[in-house]
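Undergrad: This is the structure I want to talk about, given as structure tokens.
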Amino acid sequence: MSRTLYWLQCGSCGGDSMALLSMESPDFTELLRILNIEVLWHPSLSNGSPDHHRRLLKELLSGDRPLDILCVEGAVVRGPGGTGMYNTFDANPKKDLVSGLAKRAKYVIAVGTCASFGGIGADGEIEATGLQFLKRARGGFLGAGFTSAEGHPVMNLPGCPCHYDVVGGVLTALSLGTSLPLDEYNAPLEWYGLLVHQGCVRNEYHEYRVEERDFGEKGCLFFYRGCHGPVAYGPCNKLLWNRRSSKTRIGVPCHGCTEPDFPQPYPFFRTRAIADVPLELPNGVDRAHYLAYKAMAAAAAPERLTKRKTRV
Amino acid sequence: MSKLMVNVPLNRVEGDLEIRAEIVDGRVSEAWACGTLYRGFERILVGRAALDGLVITPRICGICTTAHLTAAARALDAIAGTAPPASAVAIRNVALMAEHIQSDLRHTFLMFAADLVNPAYAGEPLFEEAMRRYEPFRGETAIETIRETKKLVELLTIVGGQWPHSSFIVPGGLVSVSSPGDLLQCRLLLRRFRQWYQSRILGCAIERWAEVRSTADLDRWLEESEAHRNGDLGFCLRFMRATGLDQIGRGTGSFLSFGSLDLPGGTAVRAPAGGGQFVPAGFLAPGGGVSEFHEEKVTEHVACSWFQDDEEARHPMRGETRPYATGQESAKYSWAKAPRYEGSPAETGPLAEALIAGNPLFSDLVRGQGPNVLVRQLARLARPAELMPAMETWLSEAAQDPTFYKTPGEITEGEGVGLIHATRGALGHWVRIEQGTISHYQIVTPTAWNASPRDGGGAPGPIEQALAGTPVRDAANPVELGHVVRSFDPCLVCTVHALQRGRSAGRVIVGAL
């Protein structure tokens, strides 16, 4: 029997949907076919008439038509003043659609950082929030105690955008009945249990403290350029984008876009430091030991790295 | 006389757009385009560090992400007074063009063509074939479009690390240093894509298509071979003619381009219309010639937008974003502001780009039939043919000189404007930096131009004007409205300050939820 999926966009840029189109082996349409998932509605891809869509929503909201998977992309917009009128559908706040559909779905999935934690608009006047978290605090729009029709909390798949292989992996796990252990932010450990740093081709620069001070110098971006790679959890450098590359590989510092408090309130492209050493150290590392290790590492840096000729 | 009001929440546009239309005796008498989402980006930017726009603004839009990044970087280039090195200019251009092409094809075959398989056309002789090609998730062309366009996204990840939402373009050039090997991979991907575009979409080589310079040429080209007729461009053309899409969606007849794609120093690429940019800037008044573009002539109105009233239309460098959600109780009905050029609404996008550059085919088509749905979509679908040869040259030239960045130093004070022609048309970022911090950020997007609400003088925007007069056979399935609106390829998420349904007392709202 096929599983049904409804894709809802709220306060969103559409980037998670666009990223989905990059899925490969199988691609997105093949994945749906293989897993026998019927997309009842996707805002960018479905072609039913507005009346068809209204009827569908009515059936889903009343429970007359079963909904297996609800994917929400974008933050729940609650402003101004909790009314939700900054984001409406057919003159009603879209947030009402979120709560109505979430009650009916067997699984609720927050795709991207905005749906997971509030993201870009969380500090703004639109009063954006994630489905079940607002930044690091449990609760969000649906409340800490929310569970879906089958008793699951919202599964968070952060990232700006969320990597398509994560979405594909989760749809596969749900369809095949494989359970995915979650971390403290209800994100699957499979993809959010490793650091962005792991797999970065600039790791050897990091190892010997060969650091970029300005763009395009070819070094590690952690000490001066504000890279969050060693502190942010996400699969960018394991999965890679379009199986090719990642931001840190080509020299864009990781901005920690999978983290619950993205975007940071302090400047991008600049590392906050104490005595030339980053304020935030790689997760779990002791400062005294780190200082000693980095001083020795810098002294031991081989010339092939300090006077590098490659373009990595 | 039968009169009714419909509210049509439109999908397959990027973001949230609702069209409110008054239909009298089966024709739209008046229409209102309503952006129904406000995200407040401009206000999020104020108070942040000078470079932060490079991380925040791409996230305005998941489909025009490189366009926003480019505009943000150009505003900072202007403030710093830096000119990026030739190779950086070349790769910035290639990235933007790759974003245009994947979007042009995804829009045409996943968003626009899905209306061609609307049940309203079930009686058309070409319907079955259209289903075979364009049925969502299943049609052959729809699936191939997903598969092939991602090769251009792959090119973007080689130079930019990821797509969407990278920040690889910075004032002074690029952070990334593409190696000759990387650039060769990009050329391979581009060639592969070009071969698919030629065989599947055009049914001929780009060079043959380039010989089509008039309506008569187009008819001859279509007759010339099966391959031309059955390529997706030829097929869409035949379907759109058979269903009268060349008769609807006229619009304002005024067109705007901010100009784009600076020619890098020493390049072999020549701009089709001469000048220093591959896509020239200009304004085309209805029935007139192209006049020179002056940035100071851009203003934005908020009289019908959900922002606090202002006594005058403001230039974006003096513009403000102060949301004011009045609901349905006033003249205000959209979260989009109403941008105007010399006080006039203007259409922007691939058709504007072609007409302002003096493209002979599109100039002739518009001379003959006026702007319409068909010609607007055809301009989008044919644009990749204009862009790909220049991309190839720039990828090859960039491999000759590995200088991709020239430091602009710390950016602490100044005003700058970043203007480009994005996938959907004229995009500008107006930025002021004080003491290293953003003190002013206003963004005017292509969709703000096209899906603009009425201005202070009551003049409707281009989509609103294009909808007027459109016949609607079935108000419960108003596919005609979909054609007209989608031919503008609206991207409402970009309408960063973007509506909701207005007052419609005493009128029938068809099919409200």
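Going through the structure tokens in order, the chains are called A, B, and so on, while each chain numbers its residues from 1 and the ligands are numbered from 1 in the order shown.
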So which residues of region 97-183 of chain A fall under strand (DSSP E or B) by DSSP, listed as a ChimeraX atom specification?

TA: /A:107-111,128-129,133-134,137-138,155-157,182

Undergrad: Compile the residues of chain A that lie within 7 Å of chain B, evaluated using only C-alpha atoms, and express the compilation as number ranges by chain.

TA: A: 11, 13-15, 18-19, 21-22, 29, 43-47, 49-51, 54, 86-88, 90-91, 121, 124, 126, 161, 215-216, 241-242, 244-247, 249-252, 267-268, 311

Undergrad: Leaving out Glu30 (chain B) and any residue of its chain fewer than 5 positions from it, which residues lie within 9 Å of it when counting only C-alpha atoms, given as an NGL selection string?

TA: :B and (20-23 or 464-465 or 467-469)

Undergrad: Restricted to N, CA and C atoms, what would the selected residues look like written as a PDB file, in the first residue's frame?

TA:
ATOM      1  N   ARG B  20      -6.521  37.606  -6.590  1.00  0.00           N
ATOM      2  CA  ARG B  20      -7.932  37.884  -6.395  1.00  0.00           C
ATOM      3  C   ARG B  20      -8.418  38.490  -7.698  1.00  0.00           C
ATOM      4  N   ALA B  21      -9.463  37.947  -8.244  1.00  0.00           N
ATOM      5  CA  ALA B  21      -9.902  38.446  -9.545  1.00  0.00           C
ATOM      6  C   ALA B  21     -11.407  38.626  -9.555  1.00  0.00           C
ATOM      7  N   GLU B  22     -11.814  39.707 -10.198  1.00  0.00           N
ATOM      8  CA  GLU B  22     -13.238  39.921 -10.408  1.00  0.00           C
ATOM      9  C   GLU B  22     -13.532  39.466 -11.829  1.00  0.00           C
ATOM     10  N   ILE B  23     -14.487  38.543 -11.950  1.00  0.00           N
ATOM     11  CA  ILE B  23     -14.788  37.987 -13.266  1.00  0.00           C
ATOM     12  C   ILE B  23     -16.182  38.435 -13.686  1.00  0.00           C
ATOM     13  N   GLU B 464      -1.033  42.184 -12.671  1.00  0.00           N
ATOM     14  CA  GLU B 464      -2.424  42.634 -12.528  1.00  0.00           C
ATOM     15  C   GLU B 464      -2.955  43.134 -13.870  1.00  0.00           C
ATOM     16  N   GLN B 465      -2.118  43.888 -14.590  1.00  0.00           N
ATOM     17  CA  GLN B 465      -2.564  44.395 -15.904  1.00  0.00           C
ATOM     18  C   GLN B 465      -2.697  43.255 -16.915  1.00  0.00           C
ATOM     19  N   LEU B 467      -3.516  40.252 -16.365  1.00  0.00           N
ATOM     20  CA  LEU B 467      -4.681  39.410 -16.095  1.00  0.00           C
ATOM     21  C   LEU B 467      -5.976  40.032 -16.613  1.00  0.00           C
ATOM     22  N   ALA B 468      -6.019  41.367 -16.672  1.00  0.00           N
ATOM     23  CA  ALA B 468      -7.253  42.041 -17.085  1.00  0.00           C
ATOM     24  C   ALA B 468      -7.629  41.613 -18.498  1.00  0.00           C
ATOM     25  N   GLY B 469      -8.867  41.182 -18.680  1.00  0.00           N
ATOM     26  CA  GLY B 469      -9.332  40.763 -20.009  1.00  0.00           C
ATOM     27  C   GLY B 469      -9.185  39.279 -20.269  1.00  0.00           C
TER      28      GLY B 469
END

Undergrad: Which residue, B:Gly234, B:Gly414, B:Pro272, B:Pro408, has the smallest gap to Pro85 (chain B) when you use only C-alpha atoms?

TA: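 Ranked by minimum distance to Pro85 (chain B), first place goes to B:Pro408.
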
Undergrad: Using backbone DSSP assignments, extract all helix (DSSP H, G or I) residues from region 336-432 of chain B; output them as a ChimeraX atom specification.

TA: /B:350-356,360-369,373-398

Undergrad: Excluding Ser87 (chain B) and any residue of its chain fewer than 2 positions from it, enumerate the residues within 9 Å of it, using only C-alpha atoms, and give them as a ChimeraX atom specification.

TA: /B:84-85,89-92,173,264-265,394-395,397-405

Undergrad: Can you list, as an MDAnalysis selection string, every protein, DNA or RNA residue that comes within 9 Å of Leu263 (chain B) when you count only C-alpha atoms, leaving out same-chain residues fewer than 5 positions away?

TA: chainID B and resid 86 89:90 93 269:271 275:278

Undergrad: Neighbouring residues of Ala210 (chain B) were defined as those with any atom within 10 Å, considering only C-alpha atoms; residues of the same chain fewer than 6 positions away were excluded. Please report them as a count of residues only.

TA: 4

Undergrad: Which distance in Å separates CA of Ala459 (chain B) and CA of Trp32 (chain B), to one decimal?

TA: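 We find that CA of Ala459 (chain B) and CA of Trp32 (chain B) lie 11.2 Å from each other.
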
Undergrad: Which of these residues is nearest to Lys309 (chain A), using only C-alpha atoms: A:Lys218, A:Arg209, A:Arg136, A:Lys103?

TA: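 Ranked by minimum distance to Lys309 (chain A), first place goes to A:Lys218.
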
Undergrad: Counting only C-alpha atoms, what is within 10 Å of Leu20 (chain A), bar same-chain residues fewer than 5 positions away, as a ChimeraX atom specification?

TA: /A:15,27-28,161-168 /B:146

Undergrad: Would you compute the distance between CA of Ile206 (chain B) and CA of Arg191 (chain B)? Give it in Å to one decimal.

TA: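 Taking CA of Ile206 (chain B) and CA of Arg191 (chain B), their separation equals 12.1 Å.
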
Undergrad: Which is closest to Gly229 (chain A) among A:Pro282, A:Pro80, A:Gly177, A:Pro158, if we use only C-alpha atoms?

TA: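 Of all the options, A:Pro282 lies closest to Gly229 (chain A).
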
Undergrad: In Å, rounded to a single decimal, give me how far CA of Gln198 (chain A) is from CA of Ser179 (chain A).

TA: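 If I compute the distance from CA of Ser179 (chain A) to CA of Gln198 (chain A), I get 24.5 Å.
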
Undergrad: From the options A:Asn156, A:Ser99, A:Asn36, A:Asn203, which residue's atoms come nearest to Leu305 (chain A), counting only C-alpha atoms?

TA: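 With only C-alpha atoms as the atom set, the closest residue is A:Asn203.
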
Undergrad: With only C-alpha atoms as the basis for distance, which of B:Gly181, B:Pro490, B:Pro462, B:Pro125 is at the shortest distance from Arg250 (chain B)?

TA: B:Pro462
